[in-house]
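Undergrad: The structure file work-v2.txt (compact mmCIF, C-alpha atoms) is provided below.
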```
# COMPACT_ATOMS: atom_id res chain seq x y z
CA MET A 231 53.30 115.12 115.58
CA LEU A 232 49.52 114.91 115.27
CA THR A 233 47.58 117.34 117.46
CA ARG A 234 44.13 116.50 118.76
CA ARG A 235 42.61 119.05 116.39
CA HIS A 236 44.36 117.44 113.43
CA ILE A 237 43.14 114.05 114.57
CA ARG A 238 39.60 115.42 114.69
CA VAL A 239 39.97 116.67 111.12
CA LYS A 240 41.20 113.25 109.98
CA VAL A 241 38.24 111.57 111.70
CA LEU A 242 35.87 114.09 110.10
CA GLN A 243 37.27 113.29 106.66
CA SER A 244 37.02 109.56 107.27
CA ILE A 245 33.42 109.70 108.47
CA TYR A 246 32.47 111.86 105.50
CA ALA A 247 34.09 109.34 103.14
CA TYR A 248 32.27 106.50 104.92
CA ASN A 249 28.90 108.26 104.59
CA GLN A 250 29.50 108.87 100.88
CA SER A 251 30.50 105.28 100.12
CA GLU A 252 28.00 102.82 98.68
CA ASN A 253 29.49 99.76 100.35
CA LYS A 254 29.97 100.77 103.96
CA ASN A 255 32.62 98.79 105.79
CA LEU A 256 33.70 100.02 109.23
CA GLU A 257 36.84 97.89 109.39
CA LYS A 258 37.96 99.17 105.99
CA GLN A 259 37.25 102.74 107.08
CA GLU A 260 39.37 102.31 110.21
CA LYS A 261 42.30 101.28 108.03
CA PHE A 262 41.70 104.31 105.84
CA LEU A 263 41.72 106.56 108.91
CA LEU A 264 45.06 105.19 110.09
CA TYR A 265 46.47 105.51 106.57
CA ASN A 266 45.14 109.08 106.35
CA MET A 267 46.91 110.02 109.57
CA GLU A 268 50.16 108.39 108.46
CA GLN A 269 50.18 110.67 105.41
CA MET A 270 51.28 113.55 107.59
CA GLN A 271 54.55 111.86 108.53
CA ASP A 272 55.18 111.08 104.87
CA LEU A 273 54.77 114.76 103.97
CA TYR A 274 57.15 115.73 106.77
CA LEU A 275 59.80 113.30 105.47
CA VAL A 276 59.37 114.34 101.83
CA THR A 277 59.61 118.03 102.72
CA LEU A 278 62.66 117.46 104.91
CA GLN A 279 64.30 115.60 102.05
CA LEU A 280 64.00 118.75 99.94
CA PHE A 281 67.01 120.20 101.75
CA ILE A 282 69.16 117.30 100.56
CA ALA A 283 67.79 117.61 97.02
CA LEU A 284 68.50 121.36 96.99
CA ARG A 285 72.04 120.79 98.23
CA ASP A 286 72.63 118.21 95.50
CA GLN A 287 71.18 120.60 92.91
CA ALA A 288 73.54 123.33 94.12
CA ASP A 289 76.51 120.94 93.95
CA ASN A 290 75.60 119.99 90.39
CA PHE A 291 75.25 123.66 89.47
CA LEU A 292 78.76 124.37 90.77
CA SER A 293 80.21 121.48 88.77
CA ILE A 294 78.59 122.69 85.55
CA SER A 295 79.72 126.28 86.18
CA GLN A 296 83.33 125.18 86.69
CA LYS A 297 83.32 123.42 83.30
CA LYS A 298 82.23 126.48 81.36
CA HIS A 299 84.59 127.38 78.53
CA LEU A 300 84.85 130.96 79.76
CA ALA A 301 84.31 130.37 83.45
CA THR A 302 85.01 133.32 85.72
CA ASP A 303 87.38 133.11 88.66
CA LEU A 304 84.37 132.92 90.97
CA GLU A 305 82.92 130.06 88.94
CA LYS A 306 86.25 128.25 88.91
CA ASN A 307 86.57 128.57 92.69
CA PRO A 308 82.98 128.76 93.94
CA SER A 309 81.80 128.96 97.52
CA ARG A 310 80.84 125.59 98.94
CA VAL A 311 79.27 126.74 102.20
CA PHE A 312 75.82 125.62 101.05
CA VAL A 313 76.77 122.25 99.57
CA GLU A 314 78.80 121.54 102.70
CA ASN A 315 76.02 122.66 105.06
CA LYS A 316 76.60 120.77 108.31
CA VAL A 317 72.91 120.43 109.19
CA ILE A 318 71.98 118.98 105.81
CA ASP A 319 74.87 116.56 106.12
CA LEU A 320 73.60 115.54 109.54
CA ILE A 321 70.18 114.78 108.06
CA ALA A 322 71.49 113.06 104.93
CA THR A 323 73.78 110.72 106.87
CA ASN A 324 71.19 109.78 109.49
CA GLU A 325 70.52 106.05 109.10
CA ALA A 326 67.00 106.15 110.51
CA PHE A 327 66.02 108.89 108.05
CA SER A 328 67.54 107.08 105.07
CA ASP A 329 65.92 103.79 106.10
CA ILE A 330 62.41 105.21 106.40
CA ILE A 331 62.73 107.09 103.09
CA ASN A 332 63.76 103.88 101.33
CA ARG A 333 61.25 101.69 103.14
CA LYS A 334 58.34 103.97 102.30
CA LYS A 335 59.70 104.72 98.82
CA LEU A 336 59.52 108.47 99.42
CA ASN A 337 62.46 109.57 97.33
CA TYR A 338 60.14 111.66 95.16
CA TRP A 339 62.66 114.33 94.19
CA GLU A 340 64.57 111.94 91.96
CA ASP A 341 61.59 111.66 89.61
CA ASP A 342 60.17 115.14 90.25
CA SER A 343 63.43 117.07 90.14
CA GLU A 344 61.87 119.94 88.18
CA TYR A 345 60.40 121.22 91.45
CA VAL A 346 63.82 121.17 93.06
CA THR A 347 65.08 123.25 90.13
CA ILE A 348 62.24 125.73 90.62
CA LEU A 349 63.13 126.13 94.28
CA PHE A 350 66.86 126.40 93.59
CA ASN A 351 66.30 129.10 90.97
CA SER A 352 64.16 130.99 93.47
CA LEU A 353 66.90 130.63 96.09
CA LYS A 354 69.56 132.01 93.74
CA GLU A 355 67.52 135.18 93.33
CA LYS A 356 67.70 136.01 97.03
CA ASP A 357 70.24 138.65 98.04
CA TRP A 358 70.76 136.95 101.38
CA TYR A 359 71.74 133.75 99.56
CA THR A 360 74.41 135.63 97.63
CA ASP A 361 75.65 137.18 100.87
CA PHE A 362 75.74 133.75 102.53
CA LEU A 363 77.94 132.39 99.74
CA LYS A 364 80.45 135.15 100.31
CA GLN A 365 81.48 133.50 103.57
CA LYS A 366 84.49 131.23 103.40
CA THR A 367 83.34 129.06 106.30
CA THR A 368 80.27 128.73 108.48
CA ASN A 369 79.56 127.07 111.81
CA PHE A 370 76.72 124.72 112.68
CA PHE A 371 74.48 127.47 114.07
CA GLU A 372 74.93 129.66 110.99
CA ASP A 373 74.10 126.68 108.78
CA LYS A 374 70.98 126.02 110.85
CA ASP A 375 69.78 129.64 110.67
CA PHE A 376 70.39 129.60 106.93
CA LEU A 377 68.24 126.48 106.44
CA ILE A 378 65.39 127.94 108.48
CA LYS A 379 65.50 131.03 106.27
CA VAL A 380 65.53 128.88 103.14
CA PHE A 381 62.50 127.01 104.39
CA LYS A 382 60.51 130.08 105.47
CA GLU A 383 61.28 132.25 102.44
CA VAL A 384 61.80 129.79 99.59
CA ILE A 385 60.27 126.38 100.26
CA ALA A 386 57.12 126.99 102.34
CA PRO A 387 55.66 129.88 100.29
CA ASN A 388 56.39 128.41 96.85
CA GLU A 389 53.12 128.09 94.90
CA LYS A 390 54.43 125.47 92.47
CA LEU A 391 55.47 123.25 95.37
CA TYR A 392 52.06 123.73 96.98
CA GLU A 393 50.36 122.67 93.74
CA TYR A 394 52.62 119.62 93.57
CA ILE A 395 51.73 118.64 97.13
CA GLU A 396 48.04 119.13 96.40
CA ASP A 397 48.22 116.91 93.32
CA LYS A 398 50.48 114.25 94.85
CA ARG A 399 48.22 113.31 97.75
CA LEU A 400 44.87 114.90 98.48
CA THR A 401 45.20 114.96 102.27
CA TRP A 402 48.59 116.69 102.21
CA VAL A 403 47.04 120.13 101.73
CA ASP A 404 45.51 119.93 105.21
CA ASP A 405 48.79 118.63 106.65
CA PHE A 406 51.05 121.24 105.06
CA PRO A 407 50.68 124.08 107.63
CA LEU A 408 51.31 121.81 110.61
CA VAL A 409 54.24 120.08 108.91
CA ASN A 410 55.78 123.47 108.18
CA THR A 411 55.57 124.41 111.86
CA LEU A 412 57.03 121.08 112.94
CA LEU A 413 59.97 121.38 110.55
CA VAL A 414 60.90 124.87 111.73
CA LYS A 415 60.73 123.75 115.36
CA MET A 416 62.88 120.71 114.63
CA LEU A 417 65.47 122.73 112.72
CA SER A 418 65.69 125.29 115.51
CA LYS A 419 66.51 122.55 118.04
CA ILE A 420 68.58 120.07 116.05
CA SER A 421 72.14 119.25 117.09
CA GLU A 422 74.60 116.41 116.68
CA LYS A 423 73.61 115.14 120.14
CA ASN A 424 69.83 115.09 119.72
CA VAL A 425 69.42 114.37 115.99
CA ASN A 426 68.29 110.78 116.53
CA ALA A 427 65.69 111.86 119.06
CA ILE A 428 64.07 114.77 117.20
CA LEU A 429 64.70 114.32 113.47
CA ILE A 430 61.73 111.99 112.93
CA PRO A 431 58.99 112.80 115.46
CA ASP A 432 56.50 110.12 116.44
CA LEU A 433 53.20 110.30 114.57
CA TYR A 434 51.20 110.16 117.81
CA LYS A 435 51.95 111.87 121.08
CA ASN A 436 50.97 108.64 122.84
CA LYS A 437 48.90 105.48 122.36
CA GLU A 438 45.84 107.28 123.75
CA ASP A 439 45.78 109.63 120.76
CA ARG A 440 45.70 106.75 118.28
CA ASP A 441 42.99 104.98 120.28
CA TYR A 442 41.03 108.23 120.55
CA ALA A 443 40.93 108.58 116.75
CA ILE A 444 39.60 105.05 116.23
CA ASP A 445 37.17 105.23 119.15
CA LEU A 446 35.74 108.56 118.03
CA MET A 447 35.10 107.38 114.50
CA GLN A 448 33.54 104.15 115.76
CA LYS A 449 31.22 105.95 118.17
CA VAL A 450 29.96 108.40 115.54
CA ILE A 451 29.30 105.65 113.00
CA ILE A 452 27.89 103.01 115.36
CA GLU A 453 25.74 105.48 117.35
CA ASP A 454 24.64 107.38 114.25
CA GLU A 455 20.92 106.74 114.75
CA GLU A 456 20.97 107.93 118.37
CA LEU A 457 23.13 110.95 117.55
CA THR A 458 20.84 111.90 114.66
CA LYS A 459 17.83 111.68 116.99
CA ILE A 460 19.51 114.00 119.51
CA ILE A 461 20.23 116.58 116.79
CA ASP A 462 16.70 116.29 115.35
CA GLU A 463 15.23 117.12 118.75
CA LYS A 464 17.27 120.31 118.89
CA THR A 465 16.50 121.36 115.30
CA PRO A 466 12.74 120.68 114.91
CA ASN A 467 12.18 123.65 112.60
CA TRP A 468 15.17 122.91 110.36
CA ASP A 469 14.86 121.23 107.01
CA LYS A 470 17.48 118.51 107.33
CA GLU A 471 18.50 119.11 103.73
CA ARG A 472 19.61 122.59 104.78
CA ILE A 473 22.09 121.29 107.36
CA ALA A 474 25.44 120.76 105.67
CA ASP A 475 26.77 117.19 105.75
CA LEU A 476 29.97 118.33 107.46
CA ASP A 477 27.99 120.26 110.09
CA MET A 478 26.04 117.11 110.94
CA ILE A 479 29.23 115.10 111.31
CA ILE A 480 30.89 117.80 113.42
CA LEU A 481 27.85 117.91 115.70
CA LYS A 482 27.86 114.13 116.07
CA MET A 483 31.56 114.15 116.87
CA GLY A 484 31.06 116.85 119.50
CA ILE A 485 28.10 115.04 121.09
CA SER A 486 30.08 111.79 121.11
CA GLU A 487 32.88 113.51 123.04
CA PHE A 488 30.34 114.85 125.55
CA LEU A 489 28.81 111.42 126.15
CA TYR A 490 31.56 108.86 125.58
CA PHE A 491 34.90 110.54 126.33
CA PRO A 492 34.97 111.43 130.04
CA SER A 493 38.58 112.71 130.00
CA ILE A 494 37.97 115.44 127.41
CA PRO A 495 36.83 118.80 128.86
CA ILE A 496 33.52 120.13 127.55
CA ARG A 497 34.96 123.53 126.69
CA ALA A 498 37.85 121.90 124.80
CA THR A 499 35.37 119.92 122.70
CA ILE A 500 33.27 122.97 121.84
CA ASN A 501 36.25 125.21 121.07
CA GLU A 502 37.93 122.61 118.88
CA TYR A 503 34.87 121.89 116.78
CA LEU A 504 34.10 125.57 116.34
CA GLU A 505 37.59 126.03 114.88
CA VAL A 506 37.21 122.95 112.67
CA SER A 507 33.85 124.22 111.38
CA LYS A 508 35.33 127.65 110.56
CA GLU A 509 37.97 126.02 108.40
CA TYR A 510 36.07 123.18 106.76
CA SER A 511 32.38 124.09 106.63
CA THR A 512 30.20 127.08 105.70
CA PRO A 513 30.72 130.67 106.97
CA LYS A 514 27.73 130.43 109.34
CA SER A 515 28.41 126.88 110.53
CA SER A 516 30.30 127.84 113.68
CA LEU A 517 27.35 129.88 115.01
CA PHE A 518 24.93 127.04 114.29
CA ILE A 519 27.19 124.39 115.83
CA ASN A 520 27.96 126.52 118.88
CA GLY A 521 24.25 127.07 119.52
CA ILE A 522 23.37 123.37 119.30
CA LEU A 523 26.30 122.15 121.37
CA ASP A 524 25.71 124.80 124.03
CA LYS A 525 22.05 123.77 124.38
CA LEU A 526 23.00 120.11 124.61
CA VAL A 527 25.65 120.72 127.28
CA LYS A 528 23.05 122.42 129.49
CA GLU A 529 20.53 119.65 128.87
CA PHE A 530 23.01 116.81 129.37
CA SER A 531 24.39 118.40 132.52
CA LYS A 532 20.92 118.83 133.98
CA SER A 533 20.01 115.21 133.22
CA GLU A 534 23.48 114.04 134.37
CA LYS A 535 24.22 112.39 131.03
CA ILE A 536 27.64 113.99 131.03
CA ASN A 537 30.10 112.33 133.37
CA LYS A 538 33.47 114.02 133.06
CA SER A 539 36.31 112.82 135.29
CA GLY A 540 39.17 114.94 136.62
CA ARG A 541 39.56 118.56 137.60
CA GLY A 542 38.44 121.31 135.25
CA LEU A 543 36.72 118.96 132.83
CA LYS A 544 33.24 120.42 133.06
```
The structure given in the file should be rewritten as structure tokens.

TA:
Amino acid sequence: MLTRRHIRVKVLQSIYAYNQSENKNLEKQEKFLLYNMEQMQDLYLVTLQLFIALRDQADNFLSISQKKHLATDLEKNPSRVFVENKVIDLIATNEAFSDIINRKKLNYWEDDSEYVTILFNSLKEKDWYTDFLKQKTTNFFEDKDFLIKVFKEVIAPNEKLYEYIEDKRLTWVDDFPLVNTLLVKMLSKISEKNVNAILIPDLYKNKEDRDYAIDLMQKVIIEDEELTKIIDEKTPNWDKERIADLDMIILKMGISEFLYFPSIPIRATINEYLEVSKEYSTPKSSLFINGILDKLVKEFSKSEKINKSGRGLK
């Protein structure tokens, strides 16, 4: 689930929080980092649960419509192709999914149902939703395509939902784009045979990714004095107050990967931190960071401080 770039962002956030804290505690910060990364899986689960909440909202809407005093024939005998969506049923009846929702207490849409109503009202306005309801029956693949369309055109772009996510947990805003991509990929592949394998993806690709996150944060914090010295030597004419806090952390993370992570290619490190700086720091940060890291690579390589192992890692 977590990519290396996303892990780098989480480490960046954690180091920034550590630097801003008055009572610095590395062990406490490591726990915060792990918690911060776990937030992404929570967002994935909460967003996935929206499909079930929307289905239940639609079912309730049909029941109310049928009880109208002057209900039309269509309201008396409504289409149930959405409320009987086979993919949603597959998700809703999955024991592992239900267990993790209950264990983590993530059934948010029971208390925050107004957002489900907003999404359902938006869905009802779509012509393609009306056309979908005209079908008497649908197969699994049609149900799957329909859900992907609902997600792409109703759920993901909804501004009210985005505001809710932003207010609910601060780190979710950064996670939202990646979670959206993961959900679409999962929905495109899901079947009755593989649901248990792909419905809830692992948070980390492997143990190495989790260890990498902790090790990187530790190196930057523990070796802060040495890393600061290295940067000072390359920026003698810079007023340190002019270097953005995030730029300093990004540089220290990049240098740490050069010196302490032999399996990570140099070019991968530079490219990743340039992209992170473009998204999280100032408009000119990427040029500044690229210049410093490029100089250091040449210097470290000449002095043989960089010791990368494996093919294509230099």

Undergrad: With all atoms listed in the file as the basis for distance, which of A:Gln259, A:Asn369, A:Ser533, A:Ser293 is at the shortest distance from Lys316 (chain A)?

TA: A:Asn369

Undergrad: Using all atoms listed in the file, can you list as number ranges by chain the residues within 12 Å of (73.2, 130.2, 99.1)?

TA: A: 284-285, 287-289, 291-292, 308-315, 349-365, 368, 373, 376-377, 379-380, 384

Undergrad: Could you check the closest approach to Asn537 (chain A) for each of A:Thr347, A:Pro495, A:Tyr274, A:Ser515 and tell me which residue wins, using all atoms listed in the file?

TA: A:Pro495

Undergrad: Closest to Pro466 (chain A) among A:Val425, A:Leu391, A:Ile522, A:Ile385, using all atoms listed in the file?

TA: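 Checking each of A:Val425, A:Leu391, A:Ile522, A:Ile385 against Pro466 (chain A), counting all atoms listed in the file, the winner is A:Ile522.
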
Undergrad: Which residues are close to Phe406 (chain A), i.e. within 12 Å by all atoms listed in the file, leaving aside same-chain residues fewer than 5 positions away? Reply as a VMD selection string.

TA: chain A and resid 236 269 to 277 385 to 387 391 to 396 399 to 401 411 to 413

Undergrad: Between A:Ala474, A:Val527, A:Ile496, A:Ile321, which is the closest to Thr512 (chain A) once you count all atoms listed in the file?

TA: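 Checking each candidate against Thr512 (chain A), we get A:Ala474 as the closest.
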
Undergrad: Within 10 Å of Phe488 (chain A), counting all atoms listed in the file, which residues qualify if same-chain residues fewer than 5 places away don't, as a list in words?

TA: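 Skipping anything fewer than 5 positions along the chain leaves Lys482, Met483, Ser493, Ile494, Pro495, Ile496, Arg497, Thr499, Ile500, Leu523, Leu526, Val527, Phe530, Ser531, Lys535, Ile536, Asn537, Lys538 and Lys544 of chain A.
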
Undergrad: Which residues of region 337-377 of chain A come within 10 Å of region 417-423 of chain A, and for each one, what is the closest pair of atoms and their distance in Å to one decimal, counting all atoms listed in the file, sorted by chain and residue number, as a tab-separated table?

TA:
```
residue	atom	partner	partner_atom	distance
A:Phe370	CA	A:Ser421	CA	8.4
A:Phe371	CA	A:Ser421	CA	9.1
A:Lys374	CA	A:Leu417	CA	6.7
A:Asp375	CA	A:Ser418	CA	7.7
A:Leu377	CA	A:Leu417	CA	7.8
```

Undergrad: Using CA of Asn255 (chain A) and CA of Leu242 (chain A) as the two end points, give the distance in Å to one decimal.

TA: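 It comes out at 16.2 Å.
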
Undergrad: Counting all atoms listed in the file, figure out which residue out of A:Leu408, A:Leu232, A:Ile452, A:Leu278 gets nearest to Trp339 (chain A).

TA: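 Counting all atoms listed in the file, the residue closest to Trp339 (chain A) is A:Leu278.
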
Undergrad: Write out as an MDAnalysis selection string each polymer residue whose atoms come within 9 Å of region 431-442 of chain A, counting all atoms listed in the file; drop sequence neighbours fewer than 3 positions from it.

TA: chainID A and resid 231:234 237 264 267:268 270:271 412 416 427:428 445:447 491

Undergrad: Do you have the CA of Ile519 (chain A)-CA of Ile485 (chain A) distance handy?

TA: 10.8 Å

Undergrad: Write out as number ranges by chain the residues lying within 12 Å of Asn249 (chain A), counting only C-alpha atoms and excluding same-chain residues fewer than 2 positions away.

TA: A: 242-247, 251-256, 259, 447, 450-451, 454, 475-476, 478-479

Undergrad: Keeping N, CA and C atoms, write region 447-469 of chain A of the structure just shown out as an mmCIF file, in the first residue's frame.

TA:
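Final file, out22.cif:
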```
data_model
loop_
_atom_site.group_PDB
_atom_site.id
_atom_site.type_symbol
_atom_site.label_atom_id
_atom_site.label_comp_id
_atom_site.auth_asym_id
_atom_site.auth_seq_id
_atom_site.Cartn_x
_atom_site.Cartn_y
_atom_site.Cartn_z
ATOM 1 N N MET A 447 14.331 7.896 9.762
ATOM 2 C CA MET A 447 14.048 8.932 10.746
ATOM 3 C C MET A 447 15.119 8.962 11.841
ATOM 4 N N GLN A 448 15.526 7.776 12.290
ATOM 5 C CA GLN A 448 16.557 7.711 13.325
ATOM 6 C C GLN A 448 17.863 8.334 12.860
ATOM 7 N N LYS A 449 18.279 8.013 11.643
ATOM 8 C CA LYS A 449 19.545 8.531 11.121
ATOM 9 C C LYS A 449 19.524 10.056 11.039
ATOM 10 N N VAL A 450 18.436 10.613 10.529
ATOM 11 C CA VAL A 450 18.351 12.066 10.371
ATOM 12 C C VAL A 450 18.383 12.763 11.732
ATOM 13 N N ILE A 451 17.698 12.198 12.705
ATOM 14 C CA ILE A 451 17.642 12.823 14.034
ATOM 15 C C ILE A 451 18.951 12.620 14.806
ATOM 16 N N ILE A 452 19.455 11.395 14.806
ATOM 17 C CA ILE A 452 20.665 11.092 15.578
ATOM 18 C C ILE A 452 21.903 11.758 14.970
ATOM 19 N N GLU A 453 21.967 11.779 13.630
ATOM 20 C CA GLU A 453 23.135 12.358 12.948
ATOM 21 C C GLU A 453 22.910 13.814 12.565
ATOM 22 N N ASP A 454 21.992 14.478 13.235
ATOM 23 C CA ASP A 454 21.619 15.841 12.856
ATOM 24 C C ASP A 454 22.815 16.795 12.832
ATOM 25 N N GLU A 455 23.657 16.723 13.822
ATOM 26 C CA GLU A 455 24.798 17.638 13.905
ATOM 27 C C GLU A 455 25.736 17.454 12.714
ATOM 28 N N GLU A 456 26.036 16.193 12.383
ATOM 29 C CA GLU A 456 26.924 15.912 11.255
ATOM 30 C C GLU A 456 26.280 16.315 9.938
ATOM 31 N N LEU A 457 25.004 16.034 9.786
ATOM 32 C CA LEU A 457 24.288 16.382 8.551
ATOM 33 C C LEU A 457 24.203 17.894 8.373
ATOM 34 N N THR A 458 23.992 18.603 9.479
ATOM 35 C CA THR A 458 23.943 20.072 9.424
ATOM 36 C C THR A 458 25.292 20.630 8.999
ATOM 37 N N LYS A 459 26.366 20.049 9.513
ATOM 38 C CA LYS A 459 27.724 20.477 9.166
ATOM 39 C C LYS A 459 27.983 20.293 7.663
ATOM 40 N N ILE A 460 27.551 19.164 7.131
ATOM 41 C CA ILE A 460 27.738 18.879 5.706
ATOM 42 C C ILE A 460 27.013 19.928 4.853
ATOM 43 N N ILE A 461 25.788 20.264 5.246
ATOM 44 C CA ILE A 461 25.004 21.254 4.496
ATOM 45 C C ILE A 461 25.621 22.644 4.634
ATOM 46 N N ASP A 462 26.095 22.992 5.834
ATOM 47 C CA ASP A 462 26.722 24.296 6.062
ATOM 48 C C ASP A 462 27.930 24.492 5.150
ATOM 49 N N GLU A 463 28.690 23.426 4.963
ATOM 50 C CA GLU A 463 29.884 23.517 4.124
ATOM 51 C C GLU A 463 29.540 23.765 2.662
ATOM 52 N N LYS A 464 28.360 23.376 2.265
ATOM 53 C CA LYS A 464 27.942 23.554 0.871
ATOM 54 C C LYS A 464 27.104 24.823 0.677
ATOM 55 N N THR A 465 26.776 25.488 1.767
ATOM 56 C CA THR A 465 25.994 26.734 1.671
ATOM 57 C C THR A 465 26.635 27.831 2.520
ATOM 58 N N PRO A 466 27.936 28.133 2.309
ATOM 59 C CA PRO A 466 28.633 29.103 3.162
ATOM 60 C C PRO A 466 28.095 30.523 3.034
ATOM 61 N N ASN A 467 27.538 30.854 1.897
ATOM 62 C CA ASN A 467 27.047 32.219 1.676
ATOM 63 C C ASN A 467 25.548 32.369 1.950
ATOM 64 N N TRP A 468 24.945 31.305 2.467
ATOM 65 C CA TRP A 468 23.503 31.342 2.742
ATOM 66 C C TRP A 468 23.249 31.695 4.205
ATOM 67 N N ASP A 469 22.327 32.596 4.414
ATOM 68 C CA ASP A 469 21.820 32.858 5.752
ATOM 69 C C ASP A 469 20.921 31.674 6.107
#
```
